[in-house]
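Data file: start_0.cif. Format and content: mmCIF, C-alpha atoms.
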```cif
data_work
#
loop_
_atom_site.label_atom_id
_atom_site.label_comp_id
_atom_site.auth_asym_id
_atom_site.auth_seq_id
_atom_site.Cartn_x
_atom_site.Cartn_y
_atom_site.Cartn_z
CA MET U 1 105.31 61.50 235.97
CA THR U 2 102.27 62.91 234.23
CA GLU U 3 101.95 65.63 236.83
CA PHE U 4 105.58 66.59 236.34
CA LEU U 5 105.17 66.83 232.56
CA ARG U 6 101.94 68.81 232.67
CA ARG U 7 102.63 71.18 235.61
CA GLY U 8 101.68 74.71 234.64
CA THR U 9 99.50 73.80 231.61
CA PRO U 10 95.87 75.00 231.77
CA GLY U 11 93.24 72.55 232.83
CA MET U 12 93.64 69.39 234.80
CA THR U 13 97.15 68.12 235.18
CA SER U 14 96.40 65.07 237.26
CA VAL U 15 93.56 63.08 238.76
CA SER U 16 94.24 64.69 242.10
CA ASP U 17 93.11 68.06 240.70
CA MET U 18 89.51 66.80 240.34
CA LEU U 19 87.13 68.48 242.77
CA VAL U 20 84.97 65.37 243.27
CA LYS U 21 86.15 61.88 242.24
CA GLN U 22 83.29 60.43 240.11
CA ASP U 23 82.78 58.92 236.70
CA GLY U 24 81.19 61.33 234.29
CA PRO U 25 81.20 62.71 230.79
CA PRO U 26 84.27 64.46 229.46
CA PRO U 27 84.38 68.30 229.63
CA GLY U 28 82.10 69.72 226.97
CA GLY U 29 80.01 66.57 227.01
CA PHE U 30 79.87 63.73 224.54
CA PRO U 31 79.44 64.49 220.85
CA SER U 32 75.81 64.20 219.71
CA VAL U 33 74.68 60.84 218.18
CA ARG U 34 72.70 60.90 214.92
CA TYR U 35 69.60 58.77 215.28
CA ALA U 36 67.40 60.30 212.58
CA ARG U 37 66.46 58.17 209.52
CA ARG U 38 68.34 58.79 206.32
CA LEU U 39 67.00 56.62 203.43
CA PRO U 40 68.59 57.79 200.18
CA ALA U 41 66.31 57.73 197.14
CA THR U 42 69.00 56.60 194.71
CA GLY U 43 69.25 53.56 192.35
CA PRO U 44 66.60 52.08 190.00
CA THR U 45 62.93 52.71 190.65
CA GLY U 46 60.43 49.95 191.36
CA PRO U 47 58.82 49.88 187.92
CA THR U 48 62.30 49.78 186.35
CA LEU U 49 63.21 46.75 188.43
CA PHE U 50 59.99 44.96 187.40
CA LEU U 51 60.65 45.78 183.77
CA VAL U 52 64.20 44.48 183.82
CA THR U 53 63.09 41.32 185.65
CA GLY U 54 60.32 40.83 183.14
CA VAL U 55 62.68 41.18 180.20
CA VAL U 56 65.16 38.69 181.65
CA MET U 57 62.38 36.21 182.43
CA ALA U 58 60.86 36.58 178.98
CA TYR U 59 64.22 35.83 177.37
CA GLY U 60 64.62 32.84 179.66
CA PHE U 61 61.19 31.47 178.75
CA TYR U 62 61.95 31.96 175.08
CA LEU U 63 65.12 29.89 175.47
CA VAL U 64 63.15 27.20 177.33
CA GLY U 65 60.65 27.05 174.49
CA GLN U 66 63.39 26.80 171.87
CA THR U 67 65.10 24.03 173.86
CA ASN U 68 61.82 22.12 174.09
CA ILE U 69 61.31 22.39 170.33
CA GLU U 70 64.81 21.09 169.67
CA GLY U 71 64.38 18.32 172.24
CA ARG U 72 61.14 17.23 170.63
CA LYS U 73 62.87 17.01 167.25
CA VAL U 74 65.59 14.81 168.74
CA LYS U 75 63.01 12.57 170.41
CA GLN U 76 60.99 12.32 167.19
CA GLU U 77 64.07 11.13 165.33
CA LYS U 78 64.65 8.41 167.95
CA TYR U 79 61.02 7.30 167.88
CA GLU U 80 60.91 7.24 164.07
CA ALA U 81 63.96 4.99 164.03
CA ARG U 82 62.34 2.65 166.53
CA LYS U 83 59.05 2.63 164.60
CA ALA U 84 60.87 1.62 161.43
CA LEU U 85 62.41 -1.37 163.21
CA VAL U 86 59.22 -2.73 164.82
CA PRO U 87 58.15 -4.93 161.85
CA VAL U 88 61.59 -6.54 161.42
CA LEU U 89 61.93 -7.44 165.06
CA GLN U 90 58.32 -8.53 165.46
CA ALA U 91 58.60 -10.82 162.42
CA GLU U 92 61.67 -12.45 163.97
CA GLU U 93 59.85 -12.97 167.23
CA ASP U 94 56.81 -14.36 165.40
CA ARG U 95 58.94 -17.03 163.73
CA ARG U 96 60.54 -17.98 167.03
CA TYR U 97 57.14 -18.14 168.74
CA VAL U 98 55.52 -20.25 166.03
CA LYS U 99 58.37 -22.78 166.22
CA VAL U 100 57.98 -23.14 169.99
CA ALA U 101 54.18 -23.17 169.84
CA ARG U 102 54.11 -25.92 167.19
CA ALA U 103 56.44 -28.10 169.28
CA PHE U 104 54.23 -27.47 172.31
CA HIS U 105 51.04 -28.37 170.43
CA GLU U 106 52.61 -31.59 169.16
CA GLN U 107 53.47 -32.49 172.75
CA GLU U 108 49.92 -31.61 173.80
CA ALA U 109 48.43 -33.76 171.01
CA ALA U 110 50.61 -36.74 172.03
CA LEU U 111 49.53 -36.38 175.65
CA MET U 112 45.83 -35.91 174.96
CA LYS U 113 45.37 -38.32 172.04
CA ASN U 114 43.16 -40.64 174.07
CA GLU U 115 40.97 -37.88 175.43
CA LYS U 116 37.50 -37.43 173.97
CA ASP U 117 36.57 -33.99 172.56
CA TRP U 118 39.98 -32.44 173.14
CA LYS U 119 40.93 -29.73 170.62
CA VAL U 120 44.68 -29.16 170.60
CA GLY U 121 45.61 -25.48 170.91
CA GLU U 122 42.04 -24.43 171.61
CA SER U 123 41.76 -20.90 172.94
CA VAL U 124 40.52 -20.62 176.51
CA TYR U 125 39.00 -17.21 175.73
CA SER U 126 35.55 -16.63 174.27
CA THR U 127 36.13 -13.32 172.49
CA GLY U 128 37.66 -14.92 169.40
CA LYS U 129 40.77 -12.69 169.55
CA TRP U 130 44.15 -14.35 169.74
CA MET U 131 45.68 -13.77 173.17
CA LYS U 132 49.33 -14.04 174.22
CA PRO U 133 50.13 -16.93 176.55
CA PRO U 134 50.01 -15.62 180.12
CA GLN U 135 53.17 -14.25 181.66
CA LEU U 136 54.84 -16.56 184.18
CA VAL U 137 55.36 -15.01 187.59
CA GLY U 138 57.66 -16.35 190.26
CA ILE U 139 60.50 -18.84 190.31
CA TRP U 140 60.05 -21.92 188.12
CA ASP U 141 62.05 -25.08 187.77
CA GLU U 142 63.83 -24.97 184.40
CA LYS U 143 62.91 -28.59 183.70
CA ILE U 144 59.29 -27.73 182.95
CA PHE U 145 60.39 -25.78 179.87
CA ASP U 146 61.95 -28.81 178.18
CA MET F 1 80.94 -19.96 175.68
CA ALA F 2 83.13 -17.64 173.53
CA SER F 3 86.22 -19.39 172.31
CA ALA F 4 89.36 -17.70 171.08
CA SER F 5 88.59 -18.47 167.42
CA GLU F 6 85.08 -16.88 167.44
CA ALA F 7 84.72 -13.47 165.83
CA PRO F 8 83.56 -10.64 168.13
CA PRO F 9 79.80 -10.11 167.92
CA VAL F 10 78.48 -7.43 165.56
CA PRO F 11 76.37 -4.77 167.29
CA ALA F 12 73.04 -5.71 165.75
CA SER F 13 71.04 -2.97 167.47
CA SER F 14 73.42 -0.28 166.26
CA ILE F 15 73.40 -1.65 162.70
CA LEU F 16 69.60 -1.64 162.62
CA MET F 17 69.40 1.85 164.13
CA SER F 18 71.94 3.14 161.60
CA ALA F 19 69.94 1.67 158.74
CA SER F 20 66.56 2.63 160.20
CA LYS F 21 66.00 5.59 157.88
CA LEU F 22 66.74 3.47 154.82
CA ILE F 23 64.58 0.65 156.14
CA ALA F 24 61.71 3.09 156.51
CA ILE F 25 62.22 4.41 152.97
CA GLU F 26 62.95 1.22 151.06
CA CYS F 27 61.16 -1.47 153.10
CA GLY F 28 58.18 0.70 154.01
CA ALA F 29 55.67 -1.10 151.81
CA PRO F 30 56.17 -4.64 153.16
CA SER F 31 56.37 -3.20 156.70
CA ARG F 32 53.02 -1.47 156.32
CA ALA F 33 51.47 -4.63 154.85
CA TYR F 34 52.79 -6.64 157.80
CA MET F 35 51.44 -4.16 160.35
CA ALA F 36 48.05 -4.15 158.62
CA CYS F 37 47.99 -7.96 158.80
CA LYS F 38 48.89 -7.81 162.47
CA LYS F 39 46.11 -5.33 163.12
CA ARG F 40 43.58 -7.70 161.57
CA ASP F 41 44.81 -10.73 163.52
CA ALA F 42 47.43 -10.72 166.27
CA ASN F 43 48.09 -14.46 165.90
CA PRO F 44 51.72 -14.88 164.79
CA GLU F 45 50.86 -17.84 162.54
CA THR F 46 48.64 -15.79 160.24
CA CYS F 47 51.26 -13.15 159.35
CA LEU F 48 54.26 -15.38 158.70
CA ALA F 49 54.32 -14.66 154.95
CA GLU F 50 54.21 -10.89 155.37
CA GLY F 51 56.84 -11.15 158.12
CA ASP F 52 59.13 -13.09 155.81
CA ALA F 53 58.70 -10.38 153.17
CA VAL F 54 59.79 -7.72 155.68
CA THR F 55 62.78 -9.71 156.87
CA GLY F 56 63.84 -10.49 153.29
CA CYS F 57 63.62 -6.83 152.31
CA VAL F 58 65.71 -5.71 155.28
CA ILE F 59 68.34 -8.42 154.75
CA ASN F 60 68.62 -7.49 151.08
CA LEU F 61 68.96 -3.84 152.04
CA LEU F 62 71.75 -4.57 154.50
CA LYS F 63 73.54 -6.75 151.95
CA ASP F 64 73.26 -3.97 149.40
CA LEU F 65 74.62 -1.38 151.84
CA ASN F 66 77.50 -3.69 152.64
CA GLU F 67 78.30 -3.95 148.92
CA THR F 68 77.98 -0.28 148.00
CA CYS F 69 79.17 1.67 151.06
CA PRO F 70 80.71 -0.67 153.66
CA LYS F 71 83.14 1.89 155.12
CA GLU F 72 80.57 4.61 155.78
CA LEU F 73 78.13 2.07 157.21
CA LYS F 74 80.80 0.61 159.48
CA ALA F 75 81.88 4.06 160.71
CA TYR F 76 78.25 4.97 161.43
CA TYR F 77 77.29 1.82 163.30
CA GLU F 78 80.54 1.75 165.26
CA CYS F 79 79.82 5.32 166.41
CA MET F 80 76.26 4.37 167.35
CA ASP F 81 77.55 1.33 169.22
CA TYR F 82 80.03 3.49 171.12
CA TYR F 83 77.40 6.06 172.09
CA SER F 84 74.58 3.52 172.71
CA ASN F 85 72.43 4.57 169.77
CA ASN F 86 72.48 8.30 170.48
CA PHE F 87 71.91 10.09 167.18
CA LEU F 88 73.13 13.44 168.54
CA LYS F 89 76.65 12.12 169.05
CA CYS F 90 77.06 10.71 165.56
CA ARG F 91 75.90 13.55 163.31
CA ASP F 92 79.09 13.66 161.23
CA VAL F 93 79.23 9.97 160.37
CA GLN F 94 75.45 9.98 159.88
CA LYS F 95 75.74 12.75 157.29
CA ALA F 96 78.58 10.98 155.50
CA PHE F 97 76.63 7.71 155.43
CA GLU F 98 73.34 9.21 154.28
CA GLU F 99 74.98 11.20 151.49
CA VAL F 100 76.29 7.96 150.02
CA ALA F 101 73.44 5.62 150.90
CA LEU F 102 70.47 7.73 149.86
CA ASN F 103 71.93 8.35 146.40
CA ARG F 104 73.49 4.95 145.80
CA LYS F 105 72.67 2.67 142.90
CA LYS F 106 71.36 -0.61 144.16
CA VAL F 107 73.55 -3.63 143.51
CA THR F 108 71.57 -6.54 144.96
CA LYS F 109 68.06 -7.32 143.76
#
```
Rewritten as C-alpha coordinates:
Amino acid sequence: MTEFLRRGTPGMTSVSDMLVKQDGPPPGGFPSVRYARRLPATGPTGPTLFLVTGVVMAYGFYLVGQTNIEGRKVKQEKYEARKALVPVLQAEEDRRYVKVARAFHEQEAALMKNEKDWKVGESVYSTGKWMKPPQLVGIWDEKIFD
Amino acid sequence: MASASEAPPVPASSILMSASKLIAIECGAPSRAYMACKKRDANPETCLAEGDAVTGCVINLLKDLNETCPKELKAYYECMDYYSNNFLKCRDVQKAFEEVALNRKKVTK
(Lines of atoms letter the chains of each structure in order from A and count residues from 1; the text may use other names and numbers.)
(Lines give C-alpha, C1' and ligand atoms only; values in the text may rest on other atoms or scores of the structure.)
Protein backbone atom coordinates (compact mmCIF):
# COMPACT_ATOMS: atom_id res chain seq x y z
CA MET A 1 0.00 0.00 0.00
CA THR A 2 2.76 2.37 1.01
CA GLU A 3 4.77 1.46 -2.05
CA PHE A 4 1.78 2.17 -4.27
CA LEU A 5 1.23 5.60 -2.71
CA ARG A 6 4.87 6.64 -2.81
CA ARG A 7 5.94 5.21 -6.22
CA GLY A 8 7.86 7.83 -8.15
CA THR A 9 8.64 10.14 -5.17
CA PRO A 10 12.36 10.78 -4.51
CA GLY A 11 14.04 8.79 -1.81
CA MET A 12 13.01 5.52 -0.33
CA THR A 13 9.53 4.37 -1.10
CA SER A 14 9.59 1.11 0.77
CA VAL A 15 11.76 -1.02 3.01
CA SER A 16 12.65 -3.18 0.05
CA ASP A 17 14.56 -0.25 -1.49
CA MET A 18 17.18 -0.36 1.30
CA LEU A 19 20.57 -1.52 0.08
CA VAL A 20 21.44 -3.37 3.30
CA LYS A 21 18.80 -4.25 5.93
CA GLN A 22 20.21 -2.96 9.27
CA ASP A 23 19.18 -0.70 12.10
CA GLY A 24 20.85 2.66 11.94
CA PRO A 25 20.43 6.38 12.30
CA PRO A 26 18.02 8.23 10.06
CA PRO A 27 19.42 9.97 6.93
CA GLY A 28 21.27 13.09 7.97
CA GLY A 29 21.94 11.62 11.38
CA PHE A 30 20.33 12.38 14.71
CA PRO A 31 20.01 15.99 15.84
CA SER A 32 22.81 17.03 18.20
CA VAL A 33 22.13 16.77 22.00
CA ARG A 34 23.03 19.75 24.22
CA TYR A 35 25.07 18.55 27.17
CA ALA A 36 26.88 21.76 28.10
CA ARG A 37 26.08 23.43 31.48
CA ARG A 38 23.80 26.41 31.45
CA LEU A 39 23.39 27.94 34.97
CA PRO A 40 21.56 31.26 34.66
CA ALA A 41 22.74 33.99 37.03
CA THR A 42 19.28 35.41 37.68
CA GLY A 43 17.28 35.96 40.93
CA PRO A 44 18.43 37.41 44.28
CA THR A 45 22.09 37.35 45.21
CA GLY A 46 23.45 35.52 48.23
CA PRO A 47 23.94 38.56 50.45
CA THR A 48 20.40 39.68 49.58
CA LEU A 49 19.00 36.34 50.68
CA PHE A 50 20.90 36.53 53.99
CA LEU A 51 19.65 40.06 54.55
CA VAL A 52 16.03 39.19 53.92
CA THR A 53 16.31 36.10 56.15
CA GLY A 54 17.91 38.19 58.85
CA VAL A 55 15.15 40.79 58.71
CA VAL A 56 12.41 38.18 58.92
CA MET A 57 14.14 36.43 61.82
CA ALA A 58 14.70 39.69 63.67
CA TYR A 59 11.01 40.55 63.37
CA GLY A 60 10.13 37.07 64.58
CA PHE A 61 12.41 37.37 67.62
CA TYR A 62 10.95 40.76 68.40
CA LEU A 63 7.46 39.24 68.41
CA VAL A 64 8.68 36.41 70.65
CA GLY A 65 10.08 38.94 73.10
CA GLN A 66 6.85 40.94 73.12
CA THR A 67 4.83 37.77 73.68
CA ASN A 68 7.06 36.80 76.60
CA ILE A 69 6.62 40.23 78.18
CA GLU A 70 2.85 39.98 77.86
CA GLY A 71 2.87 36.41 79.16
CA ARG A 72 4.90 37.45 82.18
CA LYS A 73 2.37 40.18 82.96
CA VAL A 74 -0.47 37.67 82.82
CA LYS A 75 1.41 35.25 85.07
CA GLN A 76 2.25 38.04 87.52
CA GLU A 77 -1.43 38.91 87.81
CA LYS A 78 -2.28 35.27 88.60
CA TYR A 79 0.50 34.97 91.17
CA GLU A 80 -0.44 38.27 92.85
CA ALA A 81 -4.01 37.03 93.22
CA ARG A 82 -2.79 33.79 94.78
CA LYS A 83 -0.40 35.64 97.11
CA ALA A 84 -3.24 37.80 98.37
CA LEU A 85 -5.26 34.71 99.27
CA VAL A 86 -2.52 32.81 101.14
CA PRO A 87 -3.19 34.37 104.59
CA VAL A 88 -6.97 33.76 104.45
CA LEU A 89 -6.64 30.14 103.49
CA GLN A 90 -3.75 29.45 105.84
CA ALA A 91 -5.68 30.96 108.76
CA GLU A 92 -8.60 28.65 107.99
CA GLU A 93 -6.31 25.65 107.88
CA ASP A 94 -4.63 26.73 111.14
CA ARG A 95 -7.97 26.75 112.94
CA ARG A 96 -8.87 23.33 111.58
CA TYR A 97 -5.46 21.95 112.56
CA VAL A 98 -5.55 23.35 116.09
CA LYS A 99 -8.98 21.80 116.68
CA VAL A 100 -7.77 18.36 115.58
CA ALA A 101 -4.45 18.68 117.42
CA ARG A 102 -6.14 19.64 120.71
CA ALA A 103 -8.46 16.63 120.48
CA PHE A 104 -5.46 14.42 119.75
CA HIS A 105 -3.48 15.78 122.70
CA GLU A 106 -6.42 15.22 125.03
CA GLN A 107 -6.57 11.62 123.85
CA GLU A 108 -2.81 11.32 124.37
CA ALA A 109 -3.05 12.77 127.89
CA ALA A 110 -5.84 10.31 128.80
CA LEU A 111 -3.78 7.39 127.52
CA MET A 112 -0.51 8.42 129.14
CA LYS A 113 -1.79 9.80 132.46
CA ASN A 114 -0.17 7.01 134.45
CA GLU A 115 3.19 7.30 132.73
CA LYS A 116 6.03 8.97 134.58
CA ASP A 117 7.79 11.94 132.90
CA TRP A 118 5.51 12.01 129.87
CA LYS A 119 5.01 15.48 128.35
CA VAL A 120 1.90 15.58 126.18
CA GLY A 121 2.56 17.07 122.74
CA GLU A 122 6.30 17.17 123.27
CA SER A 123 8.24 17.76 120.07
CA VAL A 124 10.40 14.85 118.94
CA TYR A 125 12.83 17.28 117.29
CA SER A 126 15.72 19.02 119.03
CA THR A 127 15.98 22.16 116.91
CA GLY A 128 13.20 23.99 118.73
CA LYS A 129 11.32 24.78 115.49
CA TRP A 130 7.76 23.62 115.16
CA MET A 131 7.53 20.84 112.57
CA LYS A 132 4.48 19.61 110.67
CA PRO A 133 3.30 16.12 111.61
CA PRO A 134 4.86 13.66 109.15
CA GLN A 135 2.98 12.83 105.98
CA LEU A 136 1.30 9.42 105.98
CA VAL A 137 2.34 7.19 103.11
CA GLY A 138 0.51 4.08 102.00
CA ILE A 139 -2.93 2.67 102.62
CA TRP A 140 -4.28 3.08 106.15
CA ASP A 141 -7.35 1.73 107.86
CA GLU A 142 -9.79 4.62 108.35
CA LYS A 143 -10.53 3.50 111.91
CA ILE A 144 -7.20 4.77 113.21
CA PHE A 145 -8.26 8.35 112.45
CA ASP A 146 -11.24 8.25 114.81
CA MET B 1 -25.38 13.76 100.15
CA ALA B 2 -27.02 16.65 98.22
CA SER B 3 -30.74 16.69 98.67
CA ALA B 4 -33.22 18.42 96.41
CA SER B 5 -33.81 21.28 98.88
CA GLU B 6 -30.09 22.21 99.25
CA ALA B 7 -28.91 25.31 97.41
CA PRO B 8 -26.20 24.76 94.76
CA PRO B 9 -22.71 25.40 96.17
CA VAL B 10 -21.17 28.84 95.65
CA PRO B 11 -17.82 28.75 93.82
CA ALA B 12 -15.64 29.80 96.73
CA SER B 13 -12.37 29.76 94.79
CA SER B 14 -13.78 32.01 92.08
CA ILE B 15 -15.24 34.43 94.64
CA LEU B 16 -11.89 34.71 96.41
CA MET B 17 -9.99 35.11 93.14
CA SER B 18 -12.43 37.81 92.01
CA ALA B 19 -11.98 39.69 95.27
CA SER B 20 -8.23 39.06 95.47
CA LYS B 21 -7.23 42.56 94.37
CA LEU B 22 -9.51 44.15 96.96
CA ILE B 23 -8.31 41.73 99.62
CA ALA B 24 -4.74 42.76 98.87
CA ILE B 25 -5.64 46.46 99.07
CA GLU B 26 -8.01 46.52 102.03
CA CYS B 27 -6.90 43.52 104.12
CA GLY B 28 -3.19 43.95 103.41
CA ALA B 29 -2.23 45.11 106.89
CA PRO B 30 -3.66 42.18 108.89
CA SER B 31 -2.34 39.79 106.19
CA ARG B 32 1.18 41.14 106.53
CA ALA B 33 0.96 40.95 110.34
CA TYR B 34 -0.18 37.34 110.08
CA MET B 35 2.64 36.40 107.70
CA ALA B 36 5.18 38.10 109.97
CA CYS B 37 3.85 36.07 112.91
CA LYS B 38 4.08 32.90 110.85
CA LYS B 39 7.66 33.71 109.93
CA ARG B 40 8.59 34.02 113.59
CA ASP B 41 6.88 30.77 114.59
CA ALA B 42 5.29 28.25 112.24
CA ASN B 43 3.19 26.70 115.02
CA PRO B 44 -0.48 27.27 114.14
CA GLU B 45 -1.44 27.82 117.79
CA THR B 46 0.69 30.95 118.16
CA CYS B 47 -0.87 32.87 115.25
CA LEU B 48 -4.55 32.19 115.89
CA ALA B 49 -5.34 35.80 116.85
CA GLU B 50 -3.70 37.29 113.77
CA GLY B 51 -5.39 34.63 111.62
CA ASP B 52 -8.77 35.56 113.04
CA ALA B 53 -8.07 39.21 112.21
CA VAL B 54 -7.35 38.28 108.58
CA THR B 55 -10.44 36.11 108.28
CA GLY B 56 -12.63 38.78 109.88
CA CYS B 57 -11.31 41.44 107.52
CA VAL B 58 -11.96 39.30 104.45
CA ILE B 59 -15.45 38.29 105.58
CA ASN B 60 -16.33 41.93 106.24
CA LEU B 61 -14.99 42.87 102.83
CA LEU B 62 -17.08 40.21 101.09
CA LYS B 63 -20.17 41.27 103.04
CA ASP B 64 -19.55 44.87 102.04
CA LEU B 65 -19.13 43.95 98.37
CA ASN B 66 -22.34 41.97 98.53
CA GLU B 67 -24.13 45.03 99.90
CA THR B 68 -22.71 47.65 97.55
CA CYS B 69 -22.21 45.88 94.21
CA PRO B 70 -23.76 42.39 94.25
CA LYS B 71 -24.56 42.24 90.52
CA GLU B 72 -21.07 43.14 89.30
CA LEU B 73 -19.49 40.78 91.82
CA LYS B 74 -21.80 37.96 90.79
CA ALA B 75 -21.12 38.51 87.08
CA TYR B 76 -17.37 38.53 87.74
CA TYR B 77 -17.22 35.41 89.88
CA GLU B 78 -19.60 33.50 87.62
CA CYS B 79 -17.30 34.28 84.67
CA MET B 80 -14.25 33.19 86.68
CA ASP B 81 -16.04 30.00 87.68
CA TYR B 82 -16.92 29.28 84.06
CA TYR B 83 -13.35 29.84 82.85
CA SER B 84 -11.65 28.20 85.88
CA ASN B 85 -10.14 31.38 87.28
CA ASN B 86 -8.58 32.60 84.03
CA PHE B 87 -8.28 36.37 84.26
CA LEU B 88 -7.72 36.77 80.50
CA LYS B 89 -11.20 35.49 79.71
CA CYS B 90 -13.03 37.81 82.07
CA ARG B 91 -11.54 41.23 81.30
CA ASP B 92 -14.88 42.93 80.61
CA VAL B 93 -16.63 41.85 83.81
CA GLN B 94 -13.40 42.48 85.74
CA LYS B 95 -13.31 46.08 84.50
CA ALA B 96 -16.97 46.61 85.33
CA PHE B 97 -16.51 45.18 88.82
CA GLU B 98 -13.33 47.09 89.64
CA GLU B 99 -14.78 50.40 88.48
CA VAL B 100 -17.55 50.02 91.03
CA ALA B 101 -15.68 48.27 93.81
CA LEU B 102 -12.53 50.35 93.96
CA ASN B 103 -14.52 53.59 94.23
CA ARG B 104 -17.34 52.37 96.43
CA LYS B 105 -18.25 53.82 99.80
CA LYS B 106 -18.00 51.17 102.45
CA VAL B 107 -21.26 50.14 104.09
CA THR B 108 -20.22 47.56 106.67
CA LYS B 109 -17.73 48.41 109.40
Hey, what's within 12 Å of F:Asn43 if we count only C-alpha atoms and toss same-chain stuff fewer than 4 positions away? As an MDAnalysis selection string, please?
(chainID U and resid 90:91 93:95 97:98 101 123 128:133) or (chainID F and resid 37:39 47:48)
What separation in Å, quoted to one decimal, exists between atom CA of F:Val107 and atom CA of F:Leu73?
15.5 Å
Which one of F:Asp52, F:Glu99, F:Glu26, F:Glu6 sits closest to chain U if you count all atoms listed in the file?
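Result for the nearest residue to chain U: F:Asp52.
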With the file shown as input, list the residues that the PyMOL selection byres ((chain F) within 10 of (chain U)) selects, as number ranges by chain.
F: 13, 16-25, 27-28, 30-35, 38, 40-59, 85-88
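Atom to atom, atom CA of U:Tyr79 and atom CA of F:Asn60 stand 23.6 Å apart.
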Rounded to one decimal in Å, what is the spacing between atom CA of U:Glu3 and atom CA of U:Val15?
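It comes out at 9.0 Å.
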Evaluating the PyMOL selection byres ((chain F and resi 78) around 10) on the displayed file yields which residues, as a PyMOL selection string?
chain F and resi 10-11+14-15+18+72-77+79-85+90+93
Can you tell me, as a list in words, what residues are no more than 9 Å from F:Arg104 when counting all atoms listed in the file, ignoring any on the same chain fewer than 6 positions away?
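Here the answer would be Leu65, Thr68 and Cys69 of chain F.
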Selected residue of minimal separation from U:Gly11 among U:Pro27, U:Tyr59, U:Ala36, U:Asn68, counting only C-alpha atoms:
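Of U:Pro27, U:Tyr59, U:Ala36, U:Asn68, the one nearest U:Gly11, counting only C-alpha atoms, is U:Pro27.
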